[in-house]
file target27.cif (mmCIF, C-alpha atoms and all ligand atoms)
data_coords
loop_
_atom_site.label_atom_id
_atom_site.label_comp_id
_atom_site.auth_asym_id
_atom_site.auth_seq_id
_atom_site.Cartn_x
_atom_site.Cartn_y
_atom_site.Cartn_z
CA MET A 22 0.18 4.49 -28.86
CA LYS A 23 3.84 5.43 -28.56
CA THR A 24 3.15 8.84 -30.10
CA ARG A 25 0.25 9.33 -27.75
CA PHE A 26 2.46 8.38 -24.83
CA LEU A 27 5.14 10.87 -25.84
CA PHE A 28 2.49 13.50 -26.33
CA ASN A 29 1.22 12.81 -22.85
CA ILE A 30 4.69 13.11 -21.38
CA VAL A 31 4.93 16.55 -22.99
CA LEU A 32 1.59 17.49 -21.44
CA VAL A 33 2.78 16.29 -18.07
CA VAL A 34 5.95 18.27 -18.32
CA MET A 35 3.81 21.30 -19.08
CA VAL A 36 1.51 20.64 -16.13
CA VAL A 37 4.46 20.16 -13.82
CA CYS A 38 6.58 22.97 -15.24
CA MET A 39 4.05 25.78 -15.36
CA PRO A 40 3.46 26.17 -11.62
CA GLY A 41 7.18 25.51 -11.04
CA CYS A 42 8.13 28.45 -13.27
CA LYS A 43 5.61 30.64 -11.53
CA LYS A 44 7.17 29.76 -8.20
CA LYS A 45 10.62 31.05 -9.24
CA THR A 46 9.36 34.59 -9.85
CA PRO A 47 6.66 35.25 -7.26
CA ALA A 48 4.81 38.54 -7.61
CA PRO A 49 5.80 40.86 -4.74
CA THR A 50 2.24 40.79 -3.39
CA GLU A 51 1.89 37.04 -3.58
CA PRO A 52 1.46 35.41 -0.15
CA GLN A 53 4.71 33.65 0.84
CA ALA A 54 3.52 30.05 1.07
CA LYS A 55 6.08 27.40 2.07
CA PRO A 56 7.62 25.96 -1.13
CA GLU A 57 6.57 22.39 -0.29
CA ALA A 58 2.99 23.48 0.45
CA LYS A 59 2.84 25.28 -2.88
CA GLU A 60 4.22 22.28 -4.78
CA ALA A 61 1.62 20.09 -3.15
CA ARG A 62 -1.20 22.06 -4.76
CA VAL A 63 -0.41 20.73 -8.23
CA MET A 64 -1.72 17.43 -9.60
CA SER A 65 1.22 15.94 -11.42
CA ALA A 66 2.50 12.84 -13.15
CA ASN A 67 6.10 12.44 -14.18
CA GLU A 68 8.76 9.98 -15.20
CA GLU A 69 12.42 9.34 -14.33
CA SER A 70 14.83 6.48 -14.91
CA PHE A 71 14.83 3.61 -12.39
CA GLY A 72 17.72 1.72 -13.99
CA LYS A 73 18.05 -1.35 -16.20
CA THR A 74 17.08 -5.01 -15.86
CA PRO A 75 19.88 -7.63 -16.19
CA GLU A 76 18.69 -8.06 -19.81
CA GLY A 77 19.43 -4.38 -20.40
CA ARG A 78 15.83 -3.16 -20.51
CA GLU A 79 15.28 0.40 -19.34
CA VAL A 80 12.87 0.72 -16.45
CA ASN A 81 11.22 3.90 -15.22
CA LEU A 82 9.89 5.28 -11.99
CA TYR A 83 6.65 7.26 -12.26
CA THR A 84 5.42 9.69 -9.64
CA LEU A 85 1.76 10.65 -9.26
CA THR A 86 1.08 13.50 -6.84
CA ASN A 87 -2.23 15.00 -5.80
CA THR A 88 -3.21 18.43 -4.52
CA ASN A 89 -3.04 17.30 -0.87
CA GLY A 90 0.53 16.04 -1.28
CA LEU A 91 -0.26 12.31 -1.51
CA ARG A 92 2.36 10.74 -3.67
CA ALA A 93 2.51 7.31 -5.32
CA LYS A 94 5.68 6.04 -6.99
CA ILE A 95 5.30 3.19 -9.43
CA THR A 96 7.77 1.35 -11.61
CA ASN A 97 6.94 -0.44 -14.84
CA TYR A 98 9.14 -3.33 -13.64
CA GLY A 99 6.41 -5.64 -12.29
CA ALA A 100 4.00 -2.65 -12.36
CA ILE A 101 5.08 -2.31 -8.71
CA LEU A 102 3.84 0.36 -6.32
CA VAL A 103 7.22 1.40 -4.91
CA SER A 104 6.02 3.91 -2.34
CA LEU A 105 2.88 5.64 -1.18
CA GLU A 106 3.16 8.78 0.92
CA VAL A 107 0.07 9.69 2.89
CA PRO A 108 -0.49 12.38 5.58
CA ASP A 109 -1.19 11.58 9.23
CA ARG A 110 -3.69 13.52 11.35
CA ASP A 111 -1.18 16.41 11.68
CA GLY A 112 -0.50 16.53 7.95
CA ASN A 113 2.90 14.80 8.15
CA LEU A 114 3.60 12.55 5.20
CA ALA A 115 4.96 9.03 5.64
CA ASP A 116 5.57 6.25 3.17
CA ILE A 117 3.16 3.48 4.21
CA THR A 118 4.28 0.64 1.91
CA LEU A 119 7.23 -1.74 2.17
CA GLY A 120 9.72 -1.95 -0.69
CA PHE A 121 13.14 -0.86 -1.88
CA ASP A 122 14.82 2.45 -2.72
CA ALA A 123 16.37 1.08 -5.91
CA LEU A 124 15.51 -1.37 -8.69
CA GLU A 125 18.26 -3.76 -7.49
CA GLY A 126 16.22 -4.57 -4.38
CA TYR A 127 13.31 -5.72 -6.51
CA LEU A 128 15.58 -7.65 -8.90
CA ALA A 129 17.25 -9.49 -6.01
CA GLY A 130 13.99 -11.21 -5.07
CA HIS A 131 11.30 -10.28 -2.55
CA PRO A 132 7.85 -11.44 -1.42
CA TYR A 133 5.86 -9.41 -4.00
CA PHE A 134 6.24 -5.99 -2.30
CA GLY A 135 3.76 -3.67 -4.05
CA ALA A 136 3.67 -5.91 -7.10
CA THR A 137 1.04 -6.48 -9.72
CA VAL A 138 0.38 -10.20 -9.42
CA GLY A 139 -0.82 -12.47 -12.22
CA ARG A 140 -1.80 -14.30 -14.36
CA TYR A 141 -3.37 -15.91 -11.32
CA ALA A 142 -2.85 -14.23 -7.95
CA ASN A 143 -2.72 -16.58 -4.95
CA ARG A 144 -2.50 -20.37 -5.06
CA ILE A 145 -3.59 -23.04 -7.49
CA GLY A 146 -3.46 -26.47 -5.84
CA LYS A 147 -0.99 -29.02 -7.22
CA ALA A 148 -0.15 -26.43 -9.90
CA ARG A 149 -2.76 -27.79 -12.31
CA PHE A 150 -6.34 -27.32 -13.45
CA MET A 151 -8.78 -28.58 -16.08
CA LEU A 152 -10.39 -26.31 -18.65
CA ASP A 153 -12.64 -27.55 -21.48
CA GLY A 154 -11.48 -31.13 -20.83
CA VAL A 155 -7.76 -30.25 -21.10
CA GLU A 156 -5.44 -30.42 -18.09
CA TYR A 157 -3.00 -27.49 -17.82
CA GLU A 158 0.19 -27.88 -15.82
CA LEU A 159 1.62 -24.74 -14.29
CA ALA A 160 4.98 -23.93 -12.74
CA ALA A 161 5.05 -25.29 -9.15
CA ASN A 162 6.82 -22.55 -7.17
CA ASN A 163 5.31 -23.06 -3.70
CA GLY A 164 5.93 -26.68 -2.76
CA GLU A 165 3.69 -28.68 -5.08
CA ASN A 166 1.44 -25.65 -5.59
CA HIS A 167 1.46 -22.65 -7.91
CA LEU A 168 1.68 -19.20 -6.26
CA HIS A 169 1.16 -15.70 -7.68
CA GLY A 170 1.57 -16.58 -11.34
CA GLY A 171 4.59 -18.89 -11.12
CA ILE A 172 8.35 -18.54 -11.42
CA LYS A 173 8.24 -15.44 -13.60
CA GLY A 174 4.87 -13.90 -12.89
CA PHE A 175 3.58 -10.46 -13.86
CA ASP A 176 5.57 -9.03 -10.92
CA LYS A 177 8.86 -9.80 -12.71
CA VAL A 178 8.16 -8.58 -16.23
CA VAL A 179 8.64 -5.15 -17.76
CA TRP A 180 5.29 -3.49 -18.45
CA ARG A 181 4.93 -1.06 -21.34
CA PRO A 182 3.95 2.48 -20.35
CA GLU A 183 0.85 3.53 -22.29
CA ASP A 184 -0.45 6.71 -20.68
CA LEU A 185 0.83 9.23 -18.17
CA TRP A 186 -1.00 12.45 -17.47
CA ALA A 187 -2.51 14.70 -14.83
CA ASN A 188 -5.49 17.03 -14.93
CA ASP A 189 -7.30 18.99 -12.20
CA ASN A 190 -8.92 15.86 -10.77
CA GLU A 191 -6.48 13.01 -11.14
CA ALA A 192 -3.01 11.81 -12.07
CA LEU A 193 -2.84 8.58 -14.06
CA LEU A 194 -0.38 5.93 -15.21
CA LYS A 195 -1.48 3.09 -17.50
CA MET A 196 0.78 0.15 -18.39
CA SER A 197 0.29 -2.93 -20.54
CA TYR A 198 1.71 -6.42 -20.81
CA ILE A 199 1.06 -9.28 -23.20
CA SER A 200 1.43 -12.66 -21.53
CA GLU A 201 2.06 -15.23 -24.23
CA ASP A 202 0.24 -18.51 -24.73
CA ASP A 203 1.77 -21.18 -22.43
CA GLU A 204 3.66 -18.62 -20.30
CA GLU A 205 4.07 -20.34 -16.91
CA GLY A 206 1.75 -23.00 -18.37
CA TYR A 207 -1.38 -20.87 -18.90
CA PRO A 208 -3.40 -21.17 -22.10
CA GLY A 209 -3.95 -18.20 -24.44
CA ASN A 210 -2.23 -14.94 -25.26
CA LEU A 211 -3.48 -12.53 -22.62
CA ALA A 212 -3.34 -8.77 -23.25
CA CYS A 213 -3.51 -6.95 -19.90
CA THR A 214 -3.45 -3.41 -18.64
CA VAL A 215 -3.08 -2.01 -15.16
CA THR A 216 -3.93 1.62 -14.45
CA TYR A 217 -2.98 3.52 -11.31
CA THR A 218 -5.01 6.69 -10.72
CA LEU A 219 -4.42 9.08 -7.83
CA THR A 220 -7.46 11.31 -7.34
CA LYS A 221 -7.83 14.72 -5.73
CA ASP A 222 -10.03 12.96 -3.13
CA ASP A 223 -7.06 11.00 -1.74
CA GLU A 224 -7.86 7.75 -3.48
CA LEU A 225 -5.42 5.44 -5.20
CA LYS A 226 -7.45 3.49 -7.72
CA ILE A 227 -5.99 0.40 -9.40
CA SER A 228 -7.89 -1.00 -12.36
CA TYR A 229 -7.16 -4.02 -14.49
CA GLU A 230 -8.29 -5.11 -17.93
CA ALA A 231 -7.50 -8.30 -19.83
CA GLU A 232 -8.51 -10.05 -23.05
CA THR A 233 -7.55 -13.48 -24.31
CA ASP A 234 -7.50 -15.34 -27.64
CA LYS A 235 -8.10 -18.74 -25.98
CA THR A 236 -10.16 -19.75 -22.94
CA THR A 237 -8.03 -19.12 -19.84
CA VAL A 238 -8.13 -18.20 -16.15
CA VAL A 239 -7.30 -14.72 -14.79
CA ASN A 240 -7.01 -13.25 -11.31
CA LEU A 241 -5.04 -10.00 -10.98
CA THR A 242 -4.26 -8.11 -7.81
CA ASN A 243 -1.86 -5.71 -6.15
CA HIS A 244 0.33 -7.10 -3.40
CA SER A 245 1.20 -3.97 -1.40
CA TYR A 246 2.44 -4.45 2.16
CA PHE A 247 0.99 -1.66 4.30
CA ASN A 248 2.00 -0.21 7.62
CA LEU A 249 -0.09 2.89 8.28
CA ALA A 250 2.36 4.04 10.99
CA GLY A 251 5.03 4.28 8.28
CA GLN A 252 6.98 1.53 6.55
CA GLY A 253 9.48 -0.27 8.76
CA ASN A 254 8.00 1.43 11.81
CA GLY A 255 7.17 -1.56 14.02
CA ASP A 256 4.51 -4.23 13.65
CA ILE A 257 0.90 -3.83 12.55
CA LEU A 258 -0.67 -5.72 15.47
CA GLY A 259 -2.18 -2.51 16.90
CA HIS A 260 -3.89 -1.56 13.61
CA GLU A 261 -7.66 -1.79 13.89
CA LEU A 262 -9.27 -3.76 11.05
CA THR A 263 -12.85 -4.11 9.88
CA LEU A 264 -13.73 -6.51 7.06
CA ASN A 265 -17.05 -6.51 5.31
CA ALA A 266 -17.05 -10.30 5.27
CA ASP A 267 -19.18 -12.74 7.27
CA ARG A 268 -17.41 -15.77 5.79
CA TYR A 269 -13.98 -17.02 4.73
CA THR A 270 -12.48 -19.98 2.90
CA PRO A 271 -10.64 -22.37 5.31
CA VAL A 272 -7.39 -23.85 3.99
CA ASP A 273 -5.33 -27.05 4.32
CA GLU A 274 -1.68 -27.14 5.45
CA GLY A 275 -0.51 -26.00 2.00
CA LEU A 276 -2.86 -22.96 2.25
CA ILE A 277 -5.16 -24.38 -0.44
CA PRO A 278 -8.87 -23.81 0.30
CA THR A 279 -10.72 -26.96 1.26
CA GLY A 280 -13.76 -25.75 -0.71
CA GLU A 281 -15.78 -25.00 2.40
CA ILE A 282 -17.17 -21.50 2.90
CA ARG A 283 -17.34 -20.99 6.65
CA SER A 284 -18.85 -18.36 8.93
CA VAL A 285 -16.35 -16.18 10.86
CA LYS A 286 -18.76 -16.00 13.80
CA ASP A 287 -17.32 -16.82 17.24
CA SER A 288 -13.81 -17.28 15.82
CA PRO A 289 -10.57 -15.24 15.65
CA MET A 290 -11.35 -14.79 11.93
CA ASP A 291 -14.16 -12.36 12.76
CA PHE A 292 -13.38 -8.75 11.77
CA THR A 293 -16.99 -7.75 11.07
CA LEU A 294 -16.58 -5.21 13.92
CA PRO A 295 -13.35 -3.19 14.37
CA MET A 296 -10.68 -5.33 16.08
CA THR A 297 -6.95 -4.90 16.37
CA ILE A 298 -5.11 -7.32 14.07
CA GLY A 299 -3.10 -8.58 17.05
CA SER A 300 -6.01 -9.23 19.41
CA ARG A 301 -6.44 -12.91 18.43
CA ILE A 302 -3.56 -13.49 16.00
CA GLU A 303 -1.93 -16.08 18.27
CA GLN A 304 -4.95 -18.30 17.81
CA VAL A 305 -4.36 -18.54 14.05
CA GLY A 306 -0.93 -20.17 13.88
CA ASP A 307 1.66 -17.98 12.16
CA GLY A 308 -0.89 -15.24 11.59
CA TYR A 309 -3.62 -14.46 9.09
CA ASP A 310 -3.19 -15.73 5.55
CA HIS A 311 -6.80 -16.27 4.54
CA ASN A 312 -9.27 -15.35 1.84
CA TYR A 313 -12.38 -13.58 3.08
CA VAL A 314 -15.65 -13.89 1.18
CA LEU A 315 -16.89 -10.32 0.79
CA ASN A 316 -20.55 -9.69 1.62
CA SER A 317 -20.91 -7.68 -1.60
CA GLY A 318 -20.46 -10.85 -3.67
CA GLY A 319 -18.30 -8.87 -6.13
CA GLY A 320 -19.30 -7.26 -9.41
CA THR A 321 -19.95 -3.75 -8.08
CA LEU A 322 -17.55 -1.43 -6.27
CA ALA A 323 -18.23 -1.94 -2.55
CA LEU A 324 -16.46 -1.35 0.75
CA ALA A 325 -14.35 -4.41 1.61
CA ALA A 326 -12.10 -3.24 4.44
CA ARG A 327 -11.24 -0.35 6.72
CA VAL A 328 -7.96 -0.09 8.63
CA TYR A 329 -7.23 2.52 11.30
CA GLU A 330 -3.84 3.13 12.88
CA PRO A 331 -4.32 4.92 16.24
CA THR A 332 -0.93 6.64 16.68
CA SER A 333 -0.90 8.37 13.28
CA GLY A 334 -4.68 8.58 12.85
CA ARG A 335 -4.36 7.25 9.30
CA VAL A 336 -7.37 5.41 7.89
CA MET A 337 -7.37 3.32 4.72
CA GLU A 338 -10.59 2.06 3.20
CA ILE A 339 -10.57 -0.48 0.42
CA TYR A 340 -13.38 -0.67 -2.10
CA THR A 341 -13.38 -3.38 -4.73
CA THR A 342 -15.37 -5.08 -7.45
CA GLU A 343 -13.76 -8.40 -6.47
CA PRO A 344 -15.62 -11.05 -4.42
CA GLY A 345 -12.71 -11.80 -2.07
CA VAL A 346 -9.80 -10.32 -0.17
CA GLN A 347 -6.70 -12.08 1.19
CA LEU A 348 -5.70 -10.88 4.62
CA TYR A 349 -1.98 -11.65 4.97
CA THR A 350 -0.16 -10.32 8.02
CA GLY A 351 3.45 -10.56 6.82
CA ASN A 352 3.89 -13.91 8.57
CA PHE A 353 6.93 -14.86 6.50
CA LEU A 354 8.80 -11.57 6.97
CA ASP A 355 11.71 -12.56 9.19
CA GLY A 356 14.10 -9.61 9.34
CA SER A 357 16.23 -10.91 6.47
CA LEU A 358 15.18 -8.10 4.10
CA THR A 359 16.33 -4.51 4.47
CA GLY A 360 14.12 -2.12 2.59
CA LYS A 361 13.62 1.59 2.04
CA GLY A 362 15.65 3.91 4.23
CA GLY A 363 17.55 0.93 5.72
CA LYS A 364 14.45 -0.35 7.53
CA VAL A 365 14.50 -4.03 8.46
CA TYR A 366 11.25 -5.87 7.79
CA LYS A 367 10.35 -8.27 10.60
CA LYS A 368 7.41 -10.61 11.17
CA HIS A 369 4.03 -8.78 11.12
CA TYR A 370 5.67 -5.47 10.11
CA ALA A 371 2.99 -5.10 7.43
CA PHE A 372 -0.37 -6.39 6.32
CA CYS A 373 -1.67 -7.07 2.83
CA LEU A 374 -5.28 -6.88 1.72
CA GLU A 375 -5.17 -8.47 -1.71
CA THR A 376 -8.51 -8.07 -3.47
CA GLN A 377 -9.09 -11.15 -5.59
CA HIS A 378 -11.13 -14.12 -6.71
CA PHE A 379 -10.74 -17.00 -4.28
CA PRO A 380 -7.54 -19.08 -4.25
CA ASP A 381 -7.68 -22.32 -6.26
CA SER A 382 -10.91 -21.27 -7.99
CA PRO A 383 -9.94 -23.12 -11.20
CA ASN A 384 -10.31 -26.36 -9.18
CA LYS A 385 -13.30 -25.31 -7.08
CA PRO A 386 -16.55 -25.33 -9.09
CA ASN A 387 -18.48 -23.82 -6.13
CA PHE A 388 -16.28 -20.66 -6.12
CA PRO A 389 -17.02 -17.67 -8.41
CA SER A 390 -15.61 -18.38 -11.88
CA VAL A 391 -12.23 -17.07 -12.99
CA VAL A 392 -12.61 -18.27 -16.57
CA LEU A 393 -12.11 -15.68 -19.33
CA LEU A 394 -13.35 -16.51 -22.83
CA PRO A 395 -12.16 -14.99 -26.11
CA GLY A 396 -14.33 -11.93 -26.83
CA GLN A 397 -14.94 -11.23 -23.14
CA LYS A 398 -13.25 -8.41 -21.25
CA TYR A 399 -11.90 -8.90 -17.73
CA THR A 400 -12.26 -5.64 -15.76
CA THR A 401 -11.79 -5.15 -12.04
CA VAL A 402 -11.25 -2.07 -9.88
CA THR A 403 -9.89 -1.61 -6.36
CA VAL A 404 -9.80 1.78 -4.63
CA HIS A 405 -7.66 2.65 -1.59
CA LYS A 406 -9.16 5.72 0.06
CA PHE A 407 -7.17 7.61 2.66
CA SER A 408 -8.31 9.89 5.49
CA THR A 409 -7.43 10.54 9.14
CA ARG A 410 -9.24 10.72 12.42
C1 LIG B 1 0.17 -15.27 0.39
C2 LIG B 1 1.19 -15.77 1.38
C3 LIG B 1 2.53 -15.63 0.73
C4 LIG B 1 2.77 -14.23 0.32
C5 LIG B 1 4.03 -14.18 -0.46
C6 LIG B 1 0.46 -13.85 0.09
O1 LIG B 1 -0.44 -13.39 -0.84
O2 LIG B 1 -1.12 -15.44 0.87
O3 LIG B 1 0.96 -17.10 1.73
O4 LIG B 1 3.54 -16.06 1.56
O5 LIG B 1 1.73 -13.77 -0.48
O6 LIG B 1 4.61 -13.02 -0.37
#
call {"tool": "encode", "arguments": {"input": "target27.cif", "output": "structure tokens"}}
result
Amino acid sequence: MKTRFLFNIVLVVMVVCMPGCKKKTPAPTEPQAKPEAKEARVMSANEESFGKTPEGREVNLYTLTNTNGLRAKITNYGAILVSLEVPDRDGNLADITLGFDALEGYLAGHPYFGATVGRYANRIGKARFMLDGVEYELAANNGENHLHGGIKGFDKVVWRPEDLWANDNEALLKMSYISEDDEEGYPGNLACTVTYTLTKDDELKISYEAETDKTTVVNLTNHSYFNLAGQGNGDILGHELTLNADRYTPVDEGLIPTGEIRSVKDSPMDFTLPMTIGSRIEQVGDGYDHNYVLNSGGGTLALAARVYEPTSGRVMEIYTTEPGVQLYTGNFLDGSLTGKGGKVYKKHYAFCLETQHFPDSPNKPNFPSVVLLPGQKYTTVTVHKFSTR
């Protein structure tokens, strides 16, 4: 795999270099396009250093660019989406995800900005569950509950780069991680991959695969914080949201689902028609932090959410094979973190739409199963599609 990876890097360098070389010696008759416009016509995937972890492990920053200039930067530390630049209705690019300019920001601790979350995204009540008659105790890192994979979840490990390439249609980065038996208390060695693909059709696709050698539970997601007006650029209360979900899973005070699946009808939870996020947020305590039950039921790639930001005209649609999505409106951002470009992240400065299986599913027999058996393959896909209006 290593050889293949190196080979791919070489290919990438070729893909990136060829048009670059051409640009230096333009033919006299060649139309004088702006340099940045010309660069933007190349699908590319490349690698640079992003520093070292405290243990001395080298970490990289990968950049995927498409022909319209969309650009995703990803690090293999936590398989984190570091930035995502997307054009507004006038073609101006802005980075629409919260995060940090340098690795140090991520190492210092943060609320999962852009991270790949696992082995189990979201909460598991009382940090325990039963599987095949055995009780498994997990790390309790959110009061008495387990959140986002525990103390050292998949967001804090170094992923191994496996593939990096670009062709005429897409630019791709694939990374892998082996989570050992008993890591954070979970049973089974779990071999996982996450693949980021930026397509020429302005989609960022994130796909996950996992296999285990012992019956376990798996729920992987991406925890990007979005602000379609540009990261750090005010709150997201004026963003217009539509969710393809008639129901949600109510929670107790510890944000653990009660097990009920309730209709959103006639409540501030209802986003079945476009509504600004802020229109009823004051009626839901600190803000939204709820799992919606997608009408698709999961299993096939279907539209889960659409978000429109009126000042920039940016639209993001989310398609997923997952049965649920967590709407989290950055309720715990409190201005104590300074991110990219010196921007201070305050309450409701971003929203997350974390595609997932429902929180606490290992303890809720009526929720779709999250159990993975040896010999089975876990595969899920989520697509973020960008446009403007
Ligand atoms: C959870 C929030 C939590 C946040 C942590 C979200 O997925 O739903 O409750 O505070 O992650 O950053």
call {"tool": "residues_around", "arguments": {"input": "target27.cif", "residues": "A:Glu261", "least_positions_apart": "2", "cutoff": "8 Å", "atoms": "all atoms listed in the file", "output": "list of chain:residue names"}}
result
A:Gly259, A:Thr263, A:Pro295, A:Met296, A:Thr297, A:Ile298, A:Val328, A:Tyr329, A:Glu330, A:Pro331
call {"tool": "residues_around", "arguments": {"input": "target27.cif", "residues": "stretch 108-122 of chain A", "least_positions_apart": "3", "cutoff": "6 Å", "atoms": "all atoms listed in the file", "output": "PyMOL selection string"}}
result
chain A and resi 103-105+126+134+246-249+251-252+333-335+360-361+409
call {"tool": "residues_near_ligand", "arguments": {"input": "target27.cif", "ligand": "ligand LIG 1 (chain B)", "cutoff": "6 Å", "atoms": "all atoms listed in the file", "output": "PyMOL selection string"}}
result
chain A and resi 132-133+143+310+349
call {"tool": "residues_around", "arguments": {"input": "target27.cif", "residues": "A:Lys195", "least_positions_apart": "2", "cutoff": "7 Å", "atoms": "only C-alpha atoms", "output": "CSV table (one decimal) with C-alpha atoms, keeping the file's coordinate frame"}}
result
chain,number,residue,atom,x,y,z
A,182,PRO,CA,4.0,2.5,-20.4
A,183,GLU,CA,0.8,3.5,-22.3
A,184,ASP,CA,-0.4,6.7,-20.7
A,185,LEU,CA,0.8,9.2,-18.2
A,193,LEU,CA,-2.8,8.6,-14.1
A,197,SER,CA,0.3,-2.9,-20.5
A,214,THR,CA,-3.4,-3.4,-18.6
A,215,VAL,CA,-3.1,-2.0,-15.2
A,216,THR,CA,-3.9,1.6,-14.4
A,217,TYR,CA,-3.0,3.5,-11.3
call {"tool": "atom_distance", "arguments": {"input": "target27.cif", "atom1": "atom CA of A:Gly77", "atom2": "atom CA of A:Gly99"}}
result
15.4 Å
call {"tool": "residues_near_point", "arguments": {"input": "target27.cif", "point": "(10.4, -9.2, -15.0)", "cutoff": "9 Å", "atoms": "all atoms listed in the file", "output": "list of chain:residue names"}}
result
A:Thr74, A:Tyr98, A:Gly99, A:Leu128, A:Lys173, A:Gly174, A:Phe175, A:Asp176, A:Lys177, A:Val178, A:Val179, A:Trp180
call {"tool": "residues_around", "arguments": {"input": "target27.cif", "residues": "stretch 382-397 of chain A", "least_positions_apart": "3", "cutoff": "7 Å", "atoms": "only C-alpha atoms", "output": "number ranges by chain"}}
result
A: 150, 232-240, 280, 379
call {"tool": "closest_residue", "arguments": {"input": "target27.cif", "among": "A:Tyr207, A:Asn89, A:Gly253, A:Ala66", "to": "A:Lys364", "atoms": "only C-alpha atoms"}}
result
A:Gly253
call {"tool": "residues_near_point", "arguments": {"input": "target27.cif", "point": "(6.0, -3.6, 11.9)", "cutoff": "6 Å", "atoms": "only C-alpha atoms", "output": "PyMOL selection string"}}
result
chain A and resi 253-257+369-371
call {"tool": "atom_distance", "arguments": {"input": "target27.cif", "atom1": "atom CA of A:Glu201", "atom2": "atom CA of A:Gly139"}}
result
12.7 Å
call {"tool": "closest_residue", "arguments": {"input": "target27.cif", "among": "A:Asn166, A:Gln377, A:Thr137, A:Ser300", "to": "A:Arg149", "atoms": "all atoms listed in the file"}}
result
A:Asn166
call {"tool": "atom_distance", "arguments": {"input": "target27.cif", "atom1": "atom CA of A:Arg327", "atom2": "atom CA of A:Leu264"}}
result
6.7 Å
call {"tool": "residues_around", "arguments": {"input": "target27.cif", "residues": "A:Thr270", "least_positions_apart": "3", "cutoff": "8 Å", "atoms": "all atoms listed in the file", "output": "PyMOL selection string"}}
result
chain A and resi 278-283+311-314+379
call {"tool": "closest_residue", "arguments": {"input": "target27.cif", "among": "A:Pro75, A:Gly170, A:Glu106, A:Leu294", "to": "A:Tyr127", "atoms": "only C-alpha atoms"}}
result
A:Pro75
call {"tool": "closest_residue", "arguments": {"input": "target27.cif", "among": "A:Val336, A:Met151, A:Val63, A:Ile227", "to": "A:Ala100", "atoms": "only C-alpha atoms"}}
result
A:Ile227
call {"tool": "closest_residue", "arguments": {"input": "target27.cif", "among": "A:Val402, A:Met64, A:Ala160, A:Met196", "to": "A:Asp222", "atoms": "all atoms listed in the file"}}
result
A:Met64
